[in-house]
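Text of data.cif, listed as mmCIF, C-alpha atoms and all ligand atoms:
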data_model
#
loop_
_atom_site.label_atom_id
_atom_site.label_comp_id
_atom_site.auth_asym_id
_atom_site.auth_seq_id
_atom_site.Cartn_x
_atom_site.Cartn_y
_atom_site.Cartn_z
CA MET A 5 -43.97 -3.60 -17.32
CA PRO A 6 -41.38 -4.04 -14.54
CA GLN A 7 -38.82 -6.71 -15.35
CA GLU A 8 -38.89 -9.76 -13.10
CA LYS A 9 -35.58 -10.18 -11.31
CA LEU A 10 -33.86 -13.49 -10.79
CA LEU A 11 -34.04 -14.12 -7.06
CA LEU A 12 -30.71 -15.68 -6.12
CA ILE A 13 -30.79 -15.05 -2.39
CA PRO A 14 -30.46 -18.11 -0.14
CA GLY A 15 -34.22 -18.44 0.02
CA PRO A 16 -36.89 -17.72 -0.94
CA THR A 17 -35.87 -19.07 -4.32
CA PRO A 18 -37.44 -18.57 -7.79
CA VAL A 19 -40.89 -20.17 -7.95
CA HIS A 20 -41.59 -22.44 -10.94
CA PRO A 21 -44.69 -21.47 -13.02
CA ARG A 22 -46.34 -24.81 -12.15
CA ILE A 23 -46.06 -23.97 -8.46
CA ILE A 24 -47.40 -20.42 -8.98
CA HIS A 25 -50.31 -21.96 -10.89
CA SER A 26 -51.15 -24.28 -7.98
CA LEU A 27 -50.91 -21.41 -5.54
CA SER A 28 -53.35 -19.34 -7.54
CA GLN A 29 -56.13 -21.95 -7.67
CA PRO A 30 -59.37 -20.95 -5.91
CA THR A 31 -59.17 -21.61 -2.19
CA VAL A 32 -60.87 -24.88 -1.28
CA SER A 33 -62.16 -26.07 2.07
CA HIS A 34 -59.38 -27.37 4.23
CA VAL A 35 -61.40 -30.57 4.75
CA SER A 36 -62.46 -31.00 1.10
CA PRO A 37 -61.62 -34.19 -0.81
CA THR A 38 -59.13 -32.19 -2.93
CA MET A 39 -57.22 -31.03 0.12
CA VAL A 40 -57.38 -34.44 1.80
CA GLN A 41 -55.95 -36.09 -1.31
CA GLU A 42 -53.24 -33.48 -1.89
CA LEU A 43 -52.00 -33.35 1.69
CA LYS A 44 -51.88 -37.15 1.85
CA GLU A 45 -49.99 -37.27 -1.44
CA THR A 46 -47.59 -34.59 -0.14
CA LEU A 47 -46.75 -36.50 3.01
CA VAL A 48 -45.96 -39.65 1.04
CA MET A 49 -43.77 -37.67 -1.36
CA LEU A 50 -42.02 -35.87 1.47
CA LYS A 51 -40.90 -39.14 2.98
CA GLN A 52 -39.57 -40.21 -0.43
CA ILE A 53 -37.64 -36.94 -0.75
CA VAL A 54 -35.76 -37.58 2.51
CA PHE A 55 -35.61 -41.37 1.99
CA CYS A 56 -37.65 -42.11 5.11
CA GLU A 57 -39.13 -45.60 5.09
CA HIS A 58 -40.76 -45.49 8.52
CA GLY A 59 -41.94 -42.43 10.34
CA GLU A 60 -44.31 -39.48 10.17
CA ALA A 61 -44.30 -36.35 8.02
CA PHE A 62 -45.75 -32.99 9.07
CA VAL A 63 -46.53 -29.88 7.05
CA VAL A 64 -47.70 -26.95 9.15
CA ALA A 65 -48.21 -23.23 8.49
CA GLY A 66 -45.10 -21.43 9.70
CA ALA A 67 -41.49 -21.37 8.55
CA GLY A 68 -38.12 -22.88 9.31
CA THR A 69 -37.85 -21.45 12.81
CA LEU A 70 -41.14 -23.06 13.80
CA ALA A 71 -39.85 -26.35 12.40
CA MET A 72 -36.72 -25.96 14.55
CA GLU A 73 -38.85 -25.35 17.63
CA MET A 74 -41.13 -28.29 16.85
CA ALA A 75 -38.19 -30.64 16.32
CA LEU A 76 -36.64 -29.75 19.64
CA LEU A 77 -39.74 -29.53 21.85
CA ASN A 78 -41.06 -32.88 20.67
CA THR A 79 -37.85 -34.82 21.24
CA VAL A 80 -36.07 -33.27 24.24
CA LYS A 81 -37.75 -32.59 27.56
CA GLN A 82 -36.87 -30.15 30.28
CA GLY A 83 -34.30 -31.78 32.53
CA GLU A 84 -32.58 -33.51 29.59
CA ARG A 85 -29.67 -32.05 27.62
CA PHE A 86 -29.02 -31.76 23.93
CA LEU A 87 -25.94 -30.89 21.90
CA VAL A 88 -25.84 -28.34 19.09
CA LEU A 89 -23.26 -28.71 16.33
CA SER A 90 -23.08 -25.19 14.98
CA GLN A 91 -21.16 -23.78 12.06
CA GLY A 92 -22.71 -20.32 12.30
CA TYR A 93 -25.92 -18.39 12.66
CA PHE A 94 -28.62 -21.07 12.74
CA GLY A 95 -26.94 -23.36 15.26
CA GLN A 96 -26.88 -20.35 17.52
CA ARG A 97 -30.62 -20.00 16.92
CA MET A 98 -31.22 -23.61 18.01
CA SER A 99 -29.33 -22.84 21.19
CA GLU A 100 -31.54 -19.77 21.76
CA ILE A 101 -34.66 -21.92 21.31
CA GLY A 102 -33.32 -24.29 23.97
CA GLU A 103 -32.72 -21.34 26.28
CA SER A 104 -36.22 -19.95 25.66
CA PHE A 105 -37.77 -23.21 26.85
CA GLY A 106 -35.27 -23.90 29.63
CA ILE A 107 -33.83 -26.98 27.93
CA GLY A 108 -30.17 -27.44 28.86
CA HIS A 109 -27.63 -27.88 26.12
CA ASP A 110 -24.01 -27.58 25.04
CA ILE A 111 -22.83 -26.12 21.80
CA LEU A 112 -19.83 -27.10 19.68
CA GLN A 113 -19.18 -24.08 17.50
CA SER A 114 -16.80 -24.04 14.54
CA SER A 115 -15.26 -20.87 13.12
CA TRP A 116 -17.42 -19.23 10.49
CA GLY A 117 -16.78 -20.75 7.07
CA GLU A 118 -15.80 -24.07 8.63
CA VAL A 119 -17.73 -26.96 10.20
CA VAL A 120 -17.50 -29.04 13.37
CA ALA A 121 -15.26 -32.07 12.69
CA PRO A 122 -16.83 -35.50 13.34
CA GLU A 123 -13.97 -36.24 15.79
CA GLN A 124 -15.09 -33.30 17.92
CA LEU A 125 -18.55 -34.83 18.16
CA GLU A 126 -17.03 -38.17 19.16
CA GLU A 127 -14.98 -36.53 21.92
CA GLN A 128 -17.92 -34.53 23.21
CA LEU A 129 -20.17 -37.58 23.42
CA ALA A 130 -17.76 -39.33 25.79
CA GLY A 131 -18.79 -38.39 29.29
CA HIS A 132 -22.06 -36.68 28.29
CA ASP A 133 -25.53 -38.09 28.19
CA TYR A 134 -27.43 -36.21 25.50
CA ALA A 135 -31.03 -36.89 24.58
CA ALA A 136 -30.40 -35.45 21.12
CA VAL A 137 -27.78 -33.92 18.86
CA VAL A 138 -28.88 -31.18 16.47
CA SER A 139 -26.85 -30.03 13.50
CA THR A 140 -27.42 -27.53 10.73
CA HIS A 141 -26.85 -29.24 7.39
CA VAL A 142 -25.99 -26.02 5.54
CA ASP A 143 -25.56 -22.79 7.42
CA THR A 144 -27.07 -20.09 5.26
CA ALA A 145 -24.88 -17.39 6.76
CA THR A 146 -21.52 -19.08 6.16
CA GLY A 147 -22.09 -21.54 3.30
CA GLY A 148 -20.63 -24.31 5.47
CA CYS A 149 -22.04 -27.76 4.67
CA ALA A 150 -21.72 -30.14 7.62
CA PRO A 151 -20.69 -33.80 7.25
CA VAL A 152 -24.12 -35.00 8.38
CA LYS A 153 -23.59 -38.60 7.28
CA ALA A 154 -20.38 -38.80 9.34
CA TYR A 155 -22.23 -37.34 12.36
CA ALA A 156 -25.03 -39.86 11.85
CA ASP A 157 -22.53 -42.74 11.71
CA ILE A 158 -21.14 -41.68 15.08
CA LEU A 159 -24.59 -41.35 16.61
CA LYS A 160 -25.95 -44.65 15.27
CA ASP A 161 -26.80 -47.07 18.08
CA THR A 162 -25.93 -44.56 20.83
CA GLY A 163 -29.59 -44.08 21.78
CA CYS A 164 -29.15 -40.35 21.19
CA LEU A 165 -31.58 -38.89 18.66
CA TYR A 166 -30.11 -37.08 15.66
CA LEU A 167 -31.94 -34.00 14.37
CA ILE A 168 -30.94 -32.20 11.16
CA ASP A 169 -31.85 -28.62 10.31
CA GLY A 170 -32.19 -29.10 6.57
CA VAL A 171 -33.74 -25.71 5.84
CA CYS A 172 -31.01 -24.84 3.32
CA ALA A 173 -30.35 -28.41 2.13
CA THR A 174 -33.35 -30.76 2.09
CA GLY A 175 -34.30 -31.61 -1.47
CA GLY A 176 -31.07 -30.21 -2.93
CA ILE A 177 -28.41 -32.18 -1.08
CA GLU A 178 -28.67 -35.86 -0.21
CA GLU A 179 -30.25 -36.70 3.15
CA ARG A 180 -31.12 -40.39 3.71
CA MET A 181 -33.07 -40.60 6.91
CA THR A 182 -33.58 -44.33 7.30
CA ASP A 183 -30.24 -45.54 5.91
CA TRP A 184 -28.23 -43.02 7.91
CA GLY A 185 -30.32 -43.31 11.07
CA VAL A 186 -31.50 -39.69 11.20
CA ASP A 187 -34.43 -39.08 13.58
CA VAL A 188 -35.77 -35.70 12.52
CA ILE A 189 -35.31 -33.67 9.37
CA LEU A 190 -36.77 -30.21 9.70
CA THR A 191 -37.02 -27.81 6.81
CA ALA A 192 -39.12 -25.10 5.18
CA ALA A 193 -40.88 -24.58 1.86
CA GLN A 194 -38.93 -21.62 0.51
CA LYS A 195 -35.50 -23.06 -0.22
CA CYS A 196 -34.81 -26.23 -2.23
CA PHE A 197 -38.54 -26.94 -2.63
CA GLY A 198 -38.91 -23.61 -4.43
CA THR A 199 -42.32 -22.81 -2.92
CA PRO A 200 -43.07 -19.34 -1.51
CA PRO A 201 -42.37 -19.06 2.26
CA GLY A 202 -45.11 -20.17 4.66
CA LEU A 203 -44.59 -23.78 5.72
CA ALA A 204 -42.74 -25.63 8.45
CA VAL A 205 -41.91 -29.12 7.18
CA LEU A 206 -40.76 -32.04 9.31
CA VAL A 207 -40.20 -35.78 9.08
CA PHE A 208 -39.89 -37.79 12.31
CA SER A 209 -38.48 -41.32 12.54
CA ASP A 210 -40.33 -43.95 14.56
CA ALA A 211 -37.77 -43.45 17.35
CA ALA A 212 -38.46 -39.70 17.43
CA MET A 213 -42.22 -40.35 17.54
CA ALA A 214 -41.71 -42.87 20.33
CA LYS A 215 -39.76 -40.26 22.26
CA ARG A 216 -42.59 -37.74 21.90
CA ARG A 217 -45.11 -40.32 23.05
CA SER A 218 -42.97 -41.04 26.10
CA MET A 219 -43.26 -37.42 27.23
CA THR A 220 -46.50 -36.74 29.01
CA SER A 221 -46.65 -33.03 28.30
CA ILE A 222 -44.42 -30.61 26.44
CA PRO A 223 -44.23 -26.78 26.62
CA ALA A 224 -46.07 -26.41 23.31
CA TYR A 225 -49.58 -26.42 21.90
CA TYR A 226 -49.51 -25.55 18.18
CA SER A 227 -46.03 -27.10 17.96
CA ASP A 228 -47.03 -30.44 19.48
CA VAL A 229 -46.72 -33.12 16.79
CA LEU A 230 -49.26 -35.30 18.61
CA ARG A 231 -51.92 -32.63 18.01
CA TRP A 232 -51.07 -32.63 14.30
CA LEU A 233 -50.71 -36.38 13.85
CA PRO A 234 -54.46 -37.14 13.50
CA ILE A 235 -54.71 -34.45 10.78
CA MET A 236 -51.69 -35.82 8.91
CA HIS A 237 -53.31 -39.29 8.97
CA ASP A 238 -56.73 -37.98 8.01
CA PRO A 239 -56.69 -34.38 6.69
CA ALA A 240 -60.51 -34.29 6.89
CA LYS A 241 -60.07 -33.80 10.64
CA TYR A 242 -59.56 -30.37 12.17
CA PHE A 243 -56.94 -29.01 14.52
CA SER A 244 -55.91 -25.58 13.15
CA THR A 245 -56.89 -24.34 9.68
CA PRO A 246 -54.11 -25.31 7.24
CA CYS A 247 -52.95 -22.80 4.60
CA VAL A 248 -54.59 -24.66 1.75
CA ASN A 249 -53.19 -22.73 -1.20
CA GLU A 250 -49.66 -22.90 0.13
CA ILE A 251 -50.00 -26.62 0.75
CA ARG A 252 -51.29 -27.21 -2.78
CA ALA A 253 -48.30 -25.28 -4.10
CA PHE A 254 -46.03 -27.43 -1.95
CA THR A 255 -47.69 -30.57 -3.33
CA GLU A 256 -46.78 -29.43 -6.84
CA ALA A 257 -43.24 -28.64 -5.69
CA CYS A 258 -42.84 -32.19 -4.35
CA ARG A 259 -44.20 -33.61 -7.62
CA ILE A 260 -41.65 -31.58 -9.59
CA MET A 261 -38.88 -32.92 -7.37
CA LEU A 262 -39.84 -36.57 -7.79
CA GLU A 263 -40.44 -36.15 -11.53
CA GLU A 264 -36.88 -34.90 -11.84
CA GLY A 265 -35.75 -37.73 -9.54
CA MET A 266 -33.79 -37.10 -6.36
CA GLU A 267 -30.47 -38.37 -7.69
CA ALA A 268 -30.75 -36.17 -10.80
CA ARG A 269 -31.77 -33.25 -8.59
CA PHE A 270 -28.75 -33.64 -6.30
CA LEU A 271 -26.50 -33.84 -9.39
CA ARG A 272 -28.04 -30.69 -10.91
CA HIS A 273 -27.44 -28.82 -7.67
CA ARG A 274 -23.83 -30.06 -7.64
CA LYS A 275 -23.28 -29.01 -11.24
CA ILE A 276 -24.77 -25.54 -10.76
CA ALA A 277 -22.73 -25.04 -7.59
CA GLY A 278 -19.65 -26.15 -9.54
CA ALA A 279 -20.41 -23.61 -12.27
CA PHE A 280 -20.61 -20.73 -9.78
CA ARG A 281 -17.53 -21.97 -7.95
CA ALA A 282 -15.61 -21.90 -11.22
CA ALA A 283 -17.04 -18.60 -12.47
CA LEU A 284 -16.75 -16.43 -9.37
CA PRO A 285 -13.03 -16.98 -8.64
CA ALA A 286 -12.33 -16.43 -12.36
CA LEU A 287 -13.76 -12.92 -11.79
CA GLY A 288 -11.70 -12.26 -8.67
CA PHE A 289 -14.08 -13.31 -5.86
CA ARG A 290 -12.84 -15.64 -3.11
CA SER A 291 -14.85 -18.24 -1.26
CA PHE A 292 -15.59 -17.28 2.35
CA THR A 293 -16.27 -20.95 3.04
CA ARG A 294 -13.41 -23.41 3.42
CA ALA A 295 -12.92 -25.58 0.32
CA ASP A 296 -13.71 -28.88 2.05
CA CYS A 297 -17.18 -27.87 3.27
CA LEU A 298 -18.74 -25.98 0.35
CA ALA A 299 -22.51 -26.31 0.01
CA ASP A 300 -24.22 -27.16 -3.26
CA THR A 301 -27.10 -24.83 -2.36
CA LEU A 302 -25.41 -21.48 -1.88
CA SER A 303 -22.09 -19.68 -2.21
CA VAL A 304 -20.73 -17.10 0.19
CA MET A 305 -18.10 -15.03 -1.60
CA SER A 306 -15.67 -12.36 -0.42
CA TYR A 307 -15.25 -9.29 -2.62
CA PRO A 308 -12.08 -8.52 -4.55
CA ALA A 309 -10.29 -5.37 -3.39
CA GLY A 310 -12.03 -2.30 -4.78
CA VAL A 311 -15.52 -3.82 -5.04
CA GLU A 312 -17.86 -2.37 -2.44
CA ASP A 313 -20.79 -4.40 -1.05
CA ALA A 314 -23.72 -1.99 -1.39
CA ALA A 315 -22.69 -0.69 -4.85
CA PHE A 316 -22.13 -4.25 -6.09
CA ARG A 317 -25.49 -5.60 -4.95
CA THR A 318 -27.45 -2.55 -6.13
CA THR A 319 -25.83 -2.63 -9.57
CA LEU A 320 -26.33 -6.39 -9.86
CA ALA A 321 -30.01 -5.93 -8.98
CA ASP A 322 -30.25 -3.33 -11.79
CA ARG A 323 -28.81 -6.01 -14.10
CA GLY A 324 -31.61 -8.38 -13.04
CA VAL A 325 -30.15 -10.54 -10.27
CA ILE A 326 -30.84 -10.22 -6.55
CA VAL A 327 -28.26 -11.61 -4.11
CA ALA A 328 -28.06 -11.22 -0.34
CA GLY A 329 -25.54 -9.42 1.85
CA GLY A 330 -23.49 -11.06 4.57
CA LEU A 331 -24.91 -11.89 8.00
CA GLY A 332 -23.33 -11.46 11.43
CA GLU A 333 -19.55 -11.21 11.41
CA ALA A 334 -19.42 -11.47 7.58
CA ALA A 335 -21.71 -8.46 6.99
CA GLY A 336 -20.28 -6.00 4.45
CA ARG A 337 -17.44 -8.37 3.49
CA VAL A 338 -19.30 -10.97 1.47
CA PHE A 339 -22.36 -11.56 -0.66
CA ARG A 340 -24.46 -14.70 -0.49
CA MET A 341 -25.88 -16.28 -3.60
CA GLY A 342 -28.45 -19.03 -3.38
CA HIS A 343 -28.42 -21.62 -6.16
CA MET A 344 -31.03 -24.11 -5.08
CA GLY A 345 -34.50 -25.22 -6.02
CA ASN A 346 -35.63 -25.33 -9.63
CA LEU A 347 -32.85 -23.22 -11.14
CA SER A 348 -32.01 -23.95 -14.78
CA TYR A 349 -28.61 -23.87 -16.46
CA SER A 350 -29.67 -20.91 -18.60
CA GLN A 351 -30.57 -18.96 -15.45
CA VAL A 352 -27.07 -19.70 -14.16
CA GLU A 353 -25.53 -18.34 -17.36
CA PHE A 354 -27.75 -15.26 -17.14
CA ALA A 355 -26.58 -14.67 -13.55
CA VAL A 356 -22.89 -15.00 -14.44
CA ALA A 357 -23.31 -12.60 -17.38
CA ALA A 358 -25.03 -10.14 -15.01
CA LEU A 359 -22.12 -10.46 -12.58
CA GLU A 360 -19.67 -9.63 -15.35
CA ASN A 361 -21.77 -6.64 -16.48
CA THR A 362 -21.91 -5.41 -12.91
CA LEU A 363 -18.14 -5.56 -12.47
CA SER A 364 -17.68 -3.68 -15.77
CA SER A 365 -20.11 -0.98 -14.65
CA LEU A 366 -18.22 -0.61 -11.39
CA GLY A 367 -14.96 -0.11 -13.32
CA TYR A 368 -13.35 -3.25 -11.92
CA ALA A 369 -10.71 -4.78 -14.20
CA PHE A 370 -11.16 -8.46 -15.07
CA GLU A 371 -10.86 -10.72 -18.08
CA ALA A 372 -14.17 -10.32 -19.91
CA GLY A 373 -15.93 -13.63 -20.45
CA ALA A 374 -13.74 -15.49 -17.94
CA GLY A 375 -16.66 -16.19 -15.60
CA LEU A 376 -19.09 -17.17 -18.31
CA ASN A 377 -16.62 -19.49 -20.03
CA ALA A 378 -15.74 -21.18 -16.74
CA ALA A 379 -19.42 -21.70 -15.93
CA LYS A 380 -20.29 -22.98 -19.41
CA GLU A 381 -17.44 -25.48 -19.29
CA ILE A 382 -18.94 -27.07 -16.18
CA LEU A 383 -22.56 -26.87 -17.33
CA THR A 384 -21.93 -28.45 -20.71
CA ALA A 385 -19.57 -31.18 -19.43
N1 LIG A 401 -32.19 -22.85 9.48
C1 LIG A 401 -31.49 -22.50 8.41
C2 LIG A 401 -30.31 -23.32 8.01
C3 LIG A 401 -31.89 -21.41 7.66
O1 LIG A 401 -31.21 -21.07 6.57
C4 LIG A 401 -33.04 -20.67 8.03
C5 LIG A 401 -33.52 -19.48 7.23
N2 LIG A 401 -32.63 -18.85 6.44
C6 LIG A 401 -33.72 -21.06 9.17
C7 LIG A 401 -33.29 -22.18 9.87
C8 LIG A 401 -34.92 -20.33 9.65
O2 LIG A 401 -35.93 -20.43 8.71
P1 LIG A 401 -37.08 -19.33 8.59
O3 LIG A 401 -36.42 -18.04 8.20
O4 LIG A 401 -37.95 -19.90 7.52
O5 LIG A 401 -37.75 -19.24 9.90
#
Mind turning the file's structure into structure tokens?
Amino acid sequence: MPQEKLLLIPGPTPVHPRIIHSLSQPTVSHVSPTMVQELKETLVMLKQIVFCEHGEAFVVAGAGTLAMEMALLNTVKQGERFLVLSQGYFGQRMSEIGESFGIGHDILQSSWGEVVAPEQLEEQLAGHDYAAVVSTHVDTATGGCAPVKAYADILKDTGCLYLIDGVCATGGIEERMTDWGVDVILTAAQKCFGTPPGLAVLVFSDAAMAKRRSMTSIPAYYSDVLRWLPIMHDPAKYFSTPCVNEIRAFTEACRIMLEEGMEARFLRHRKIAGAFRAALPALGFRSFTRADCLADTLSVMSYPAGVEDAAFRTTLADRGVIVAGGLGEAAGRVFRMGHMGNLSYSQVEFAVAALENTLSSLGYAFEAGAGLNAAKEILTA
């Protein structure tokens, strides 16, 4: 029987057996009482996960990019401008979505591995009238985690909507919609939720919903939240057939999250990130991401001299762990390791042991056990 590999790419993430079990239930009618109950339960849980007290949640077949498009098209109209705070690849994507729909925007772009400083946002806001500011919470290409709370503080009471791309953060790193004054959190199922890919997930504040209602028409049909709203309020209604199995799996994923408790979940992510951050440098890797903006959901690491990208990742896969290569300007120079979702401490130890075995196989000299000891010290503290 082929051995299952530990999927430590920055999404999709390993899927918990309870979620697989939900996914494999017989397909029910999309308007059946089971589906109505589960989707309703999911939307309530989703708002709890992002600490949203007032607003609307949406779960739609698609993925993170659809959620990005939905967030933008439903809050910014043609003729208005928005601002993108980008620390890498996915901010650039938001800008491309704006271009595709002819929505004007500016982009504040940090160097890769860094993030846009809150002061830069403050300066940019003076003299500009933006309908919305969009920031990526964690850029999956660079590992940069943006100071979203500081951005939100600046945007509070400005009348400018604040949209967060939480695809690589929501459910693993704190995001408090109502307290912080965030207007849209957009995300996807396959990262911190630990569900297989297939869902665009969004939560809109009342202000974001009011903005959508103020726009008579938007350049979208499937992506229009007002077409989905009646289904989210009463899933027995029909707009477009929901992916029932995937939604049931997502329901289970949300239950797992709330059973763990969000505070405990954020702490576990922090501890696991800390273990990798201690283990990898002990083996000679260097963080590509600047020390003051490391994400708890993934690590982007530069190779020590003499360790070659393709050989490293292939050998590590043979040892049972799949990681991802670098994107864009970091391609070939780094590997990206996701550590989000329902990862356990023993899986972390397994991954570090596999990293050490890989380096040995490649003939790279390092202190045997240094990574594992460093990781264990953090995990058992
Ligand atoms: N935003 C971020 C931060 C992402 O990491 C990703 C996917 N890696 C996306 C958006 C796009 O999501 P998807 O690939 O599900 O369309």
At a cut-off of 7 Å, using all atoms listed in the file, what residues contact region 172-182 of chain A? Leave out same-chain residues fewer than 3 positions from it and give the result as a ChimeraX atom specification.
/A:53-57,141-142,144,185-187,191,195-197,269-270,273,300-301,344-345
Have a look at A:Glu100, A:Asp238, A:Glu312, A:Glu118 and name the one nearest to Val40 (chain A); count only C-alpha atoms.
A:Asp238
Name the closest residue to ligand LIG 401 (chain A) among the candidates A:Ile101, A:Leu77, A:Ile23, A:Val32; distances are taken between atoms, counting all atoms listed in the file.
A:Ile101
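Our summary of the geometry notes that CA of Ile158 (chain A) is positioned 6.8 Å from CA of Glu126 (chain A).
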Considering all atoms listed in the file, return as a CSV table (one decimal) with C-alpha atoms, in the coordinates of the input whatever protein or nucleic-acid residues lie within 9 Å of Met49 (chain A), sequence-local ones (same chain, fewer than 4 positions apart) excluded.
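The result, written out as out.csv:
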chain,number,residue,atom,x,y,z
A,44,LYS,CA,-51.9,-37.2,1.8
A,45,GLU,CA,-50.0,-37.3,-1.4
A,53,ILE,CA,-37.6,-36.9,-0.8
A,54,VAL,CA,-35.8,-37.6,2.5
A,255,THR,CA,-47.7,-30.6,-3.3
A,258,CYS,CA,-42.8,-32.2,-4.4
A,259,ARG,CA,-44.2,-33.6,-7.6
A,262,LEU,CA,-39.8,-36.6,-7.8
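Straight-line separation from CA of Leu271 (chain A) to CA of Gln52 (chain A): 17.1 Å.
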Can you check which parts of chain A lie within 9 Å of ligand LIG 401 (chain A)? Per residue, the shortest pair of atoms and distance in Å to one decimal, counting only C-alpha atoms and all ligand atoms, sorted by chain and number, as JSON lines.
{"residue": "A:Pro14", "atom": "CA", "partner": "A:LIG401", "partner_atom": "N2", "distance": 7.0}
{"residue": "A:Gly15", "atom": "CA", "partner": "A:LIG401", "partner_atom": "N2", "distance": 6.6}
{"residue": "A:Pro16", "atom": "CA", "partner": "A:LIG401", "partner_atom": "N2", "distance": 8.6}
{"residue": "A:Gly66", "atom": "CA", "partner": "A:LIG401", "partner_atom": "O4", "distance": 7.6}
{"residue": "A:Ala67", "atom": "CA", "partner": "A:LIG401", "partner_atom": "O4", "distance": 4.0}
{"residue": "A:Gly68", "atom": "CA", "partner": "A:LIG401", "partner_atom": "O2", "distance": 3.3}
{"residue": "A:Thr69", "atom": "CA", "partner": "A:LIG401", "partner_atom": "O5", "distance": 3.7}
{"residue": "A:Leu70", "atom": "CA", "partner": "A:LIG401", "partner_atom": "O5", "distance": 6.4}
{"residue": "A:Ala71", "atom": "CA", "partner": "A:LIG401", "partner_atom": "O5", "distance": 7.8}
{"residue": "A:Met72", "atom": "CA", "partner": "A:LIG401", "partner_atom": "C7", "distance": 6.9}
{"residue": "A:Tyr93", "atom": "CA", "partner": "A:LIG401", "partner_atom": "C2", "distance": 8.1}
{"residue": "A:Phe94", "atom": "CA", "partner": "A:LIG401", "partner_atom": "N1", "distance": 5.2}
{"residue": "A:Gly95", "atom": "CA", "partner": "A:LIG401", "partner_atom": "N1", "distance": 7.8}
{"residue": "A:Arg97", "atom": "CA", "partner": "A:LIG401", "partner_atom": "C7", "distance": 7.8}
{"residue": "A:Met98", "atom": "CA", "partner": "A:LIG401", "partner_atom": "C7", "distance": 8.5}
{"residue": "A:Thr140", "atom": "CA", "partner": "A:LIG401", "partner_atom": "C2", "distance": 5.8}
{"residue": "A:His141", "atom": "CA", "partner": "A:LIG401", "partner_atom": "C2", "distance": 6.9}
{"residue": "A:Val142", "atom": "CA", "partner": "A:LIG401", "partner_atom": "C2", "distance": 5.7}
{"residue": "A:Asp143", "atom": "CA", "partner": "A:LIG401", "partner_atom": "C2", "distance": 4.8}
{"residue": "A:Thr144", "atom": "CA", "partner": "A:LIG401", "partner_atom": "O1", "distance": 4.5}
{"residue": "A:Ala145", "atom": "CA", "partner": "A:LIG401", "partner_atom": "O1", "distance": 7.3}
{"residue": "A:Asp169", "atom": "CA", "partner": "A:LIG401", "partner_atom": "N1", "distance": 5.8}
{"residue": "A:Gly170", "atom": "CA", "partner": "A:LIG401", "partner_atom": "C2", "distance": 6.2}
{"residue": "A:Val171", "atom": "CA", "partner": "A:LIG401", "partner_atom": "C1", "distance": 4.7}
{"residue": "A:Cys172", "atom": "CA", "partner": "A:LIG401", "partner_atom": "C2", "distance": 5.0}
{"residue": "A:Ala173", "atom": "CA", "partner": "A:LIG401", "partner_atom": "C2", "distance": 7.8}
{"residue": "A:Leu190", "atom": "CA", "partner": "A:LIG401", "partner_atom": "N1", "distance": 8.7}
{"residue": "A:Thr191", "atom": "CA", "partner": "A:LIG401", "partner_atom": "C7", "distance": 7.4}
{"residue": "A:Ala192", "atom": "CA", "partner": "A:LIG401", "partner_atom": "O4", "distance": 5.8}
{"residue": "A:Ala193", "atom": "CA", "partner": "A:LIG401", "partner_atom": "O4", "distance": 7.9}
{"residue": "A:Gln194", "atom": "CA", "partner": "A:LIG401", "partner_atom": "O4", "distance": 7.3}
{"residue": "A:Lys195", "atom": "CA", "partner": "A:LIG401", "partner_atom": "O1", "distance": 8.3}
{"residue": "A:Pro201", "atom": "CA", "partner": "A:LIG401", "partner_atom": "O4", "distance": 6.9}
{"residue": "A:Gly202", "atom": "CA", "partner": "A:LIG401", "partner_atom": "O4", "distance": 7.7}
{"residue": "A:Leu203", "atom": "CA", "partner": "A:LIG401", "partner_atom": "O4", "distance": 7.9}
{"residue": "A:Ala204", "atom": "CA", "partner": "A:LIG401", "partner_atom": "O4", "distance": 7.5}
One-decimal distance in Å that lies between CA of Leu206 (chain A) and CA of Ser36 (chain A)
23.2 Å
Restricting the calculation to all atoms listed in the file: of A:Met261, A:Ala282, A:Leu383, A:Val338, which residue gets closest to Ala309 (chain A)?
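The closest residue to Ala309 (chain A) is A:Val338.
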Using all atoms listed in the file, which residues sit within 9 Å of Val80 (chain A) once same-chain residues fewer than 2 positions away are excluded, as a ChimeraX atom specification?
/A:75-78,82-86,107,135-136,215-216,219
Taking C-alpha atoms for each residue, export the selection above as a PDB file, keeping the file's coordinate frame.
ATOM      1  CA  ALA A  75     -38.190 -30.640  16.320  1.00  0.00           C
ATOM      2  CA  LEU A  76     -36.640 -29.750  19.640  1.00  0.00           C
ATOM      3  CA  LEU A  77     -39.740 -29.530  21.850  1.00  0.00           C
ATOM      4  CA  ASN A  78     -41.060 -32.880  20.670  1.00  0.00           C
ATOM      5  CA  GLN A  82     -36.870 -30.150  30.280  1.00  0.00           C
ATOM      6  CA  GLY A  83     -34.300 -31.780  32.530  1.00  0.00           C
ATOM      7  CA  GLU A  84     -32.580 -33.510  29.590  1.00  0.00           C
ATOM      8  CA  ARG A  85     -29.670 -32.050  27.620  1.00  0.00           C
ATOM      9  CA  PHE A  86     -29.020 -31.760  23.930  1.00  0.00           C
ATOM     10  CA  ILE A 107     -33.830 -26.980  27.930  1.00  0.00           C
ATOM     11  CA  ALA A 135     -31.030 -36.890  24.580  1.00  0.00           C
ATOM     12  CA  ALA A 136     -30.400 -35.450  21.120  1.00  0.00           C
ATOM     13  CA  LYS A 215     -39.760 -40.260  22.260  1.00  0.00           C
ATOM     14  CA  ARG A 216     -42.590 -37.740  21.900  1.00  0.00           C
ATOM     15  CA  MET A 219     -43.260 -37.420  27.230  1.00  0.00           C
TER      16      MET A 219
END
